[in-house]
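**Student:** Got a structure for you, written out below as structure tokens; questions coming shortly.
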Amino acid sequence: MLTQMKRSPKINLLISSILFLSIVIYACSPKLYVDENKRYEAGTLTGKQIDSLHLFLKQNERLALKDTIIIKYDFNKDDCWKDLSYQNAEFLNNVRWTFQKNILEKAEARPKVAIYQYREEGKSFSPIKSKGLEIETDPGFLKKLLFKEVTSCGTSAIILPNGKFLLVKSDPQFSALILNANDIEKKLQENLVK
């Protein structure tokens, strides 16, 4: 018959510490959302929050505030674009330009929508998200208001004039720009009742 070995209190403490540390690391690591049912989150900003958001965005001199606001937000230390980091400078510039061209085209097609790009404070960003782009650095206001959950590949927010908002989590290609008014309303309804 096998006898069970007793573990010393030090071993139990070590195992407990490792388990606790693993849970903390998992909880703090960026989430990657690929399941369409979990990728969206909806909510409503209060009048005071909308006023604060408008005041904050008016500081961005590159864009004029409009009825509907779309914000692409990237997080520090995100490795979403790391596979492209080893490409040559010309390739990286072409990827950046294509990304920006897409945003400009979508902005021209939607005259009542202001499209912003922000990133969290920090210095660890992919070359695709760090150089030569129209990306502003958030001092923490947007993260506290809308982008509380760190996601891999960033999150986009669509904020309507009435304060309703839709978050598109793990949005590397800024697919929030593809959604039309009907798509947005449908996703808001589906996700406000969750």
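The chains in the structure tokens are called A, B, ... from first to last as shown; in each chain the residues are counted from 1, and the ligands are counted from 1 in the order shown.
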Residues within 12 Å of Ile103 of chain A, please, as a ChimeraX atom specification. Count only C-alpha atoms; anything in the same chain fewer than 3 positions from it doesn't count.

**Tutor:** /A:70-72,96-100,106-110,113-117,133-135,173-178

**Student:** Would you mind writing down, as an MDAnalysis selection string, each residue of segment 25-101 of chain A that DSSP on the backbone assigns to helix (DSSP H, G or I)?

**Tutor:** chainID A and resid 25:28 47:58 82:84 89:101

**Student:** I need the residue nearest Glu120 of chain A from this list: A:Glu90, A:Glu136, A:Asp51, A:Glu190. Use only C-alpha atoms for the distance.

**Tutor:**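 Between A:Glu90, A:Glu136, A:Asp51, A:Glu190, the residue approaching Glu120 of chain A most closely is A:Glu136.
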
**Student:** From the list A:His54, A:Lys38, A:Lys169, A:Arg62, which residue is nearest Phe141 of chain A when using only C-alpha atoms?

**Tutor:**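 Closest candidate: A:His54.
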
**Student:** Excluding Lys66 of chain A and its own-chain neighbours fewer than 3 positions away, which residues fall within 9 Å of it when counting only C-alpha atoms? Please give them as a PDB file with N, CA and C atoms, in the first residue's frame.

**Tutor:**
```
ATOM      1  N   LEU A  63      -8.487  67.384 -34.855  1.00  0.00           N
ATOM      2  CA  LEU A  63      -9.843  67.058 -35.277  1.00  0.00           C
ATOM      3  C   LEU A  63     -10.858  67.998 -34.640  1.00  0.00           C
ATOM      4  N   ILE A  69     -18.588  59.935 -32.028  1.00  0.00           N
ATOM      5  CA  ILE A  69     -17.149  59.850 -31.776  1.00  0.00           C
ATOM      6  C   ILE A  69     -16.723  58.385 -31.857  1.00  0.00           C
ATOM      7  N   PRO A 111     -19.315  62.378 -42.537  1.00  0.00           N
ATOM      8  CA  PRO A 111     -19.064  63.761 -42.133  1.00  0.00           C
ATOM      9  C   PRO A 111     -19.508  64.116 -40.705  1.00  0.00           C
ATOM     10  N   LYS A 112     -20.352  63.310 -40.093  1.00  0.00           N
ATOM     11  CA  LYS A 112     -20.809  63.606 -38.726  1.00  0.00           C
ATOM     12  C   LYS A 112     -20.078  62.794 -37.669  1.00  0.00           C
ATOM     13  N   VAL A 113     -18.986  62.130 -38.083  1.00  0.00           N
ATOM     14  CA  VAL A 113     -18.233  61.271 -37.172  1.00  0.00           C
ATOM     15  C   VAL A 113     -16.802  61.790 -37.040  1.00  0.00           C
ATOM     16  N   ALA A 114     -16.341  61.926 -35.806  1.00  0.00           N
ATOM     17  CA  ALA A 114     -14.942  62.274 -35.538  1.00  0.00           C
ATOM     18  C   ALA A 114     -14.217  60.989 -35.138  1.00  0.00           C
ATOM     19  N   PRO A 161     -24.299  60.490 -29.778  1.00  0.00           N
ATOM     20  CA  PRO A 161     -24.633  61.762 -29.125  1.00  0.00           C
ATOM     21  C   PRO A 161     -25.466  61.607 -27.844  1.00  0.00           C
TER      22      PRO A 161
END
```

**Student:** Could you check the closest approach to Gln87 of chain A for each of A:Leu160, A:Leu45, A:Ile128, A:Leu65 and tell me which residue wins, using only C-alpha atoms?

**Tutor:** A:Ile128

**Student:** Under the rule that only C-alpha atoms are counted, which of A:Asp183, A:Asn162, A:Leu142, A:Asp171 is the nearest residue to Gly43 of chain A?

**Tutor:**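 Ranking A:Asp183, A:Asn162, A:Leu142, A:Asp171 by distance to Gly43 of chain A, first place goes to A:Asn162.
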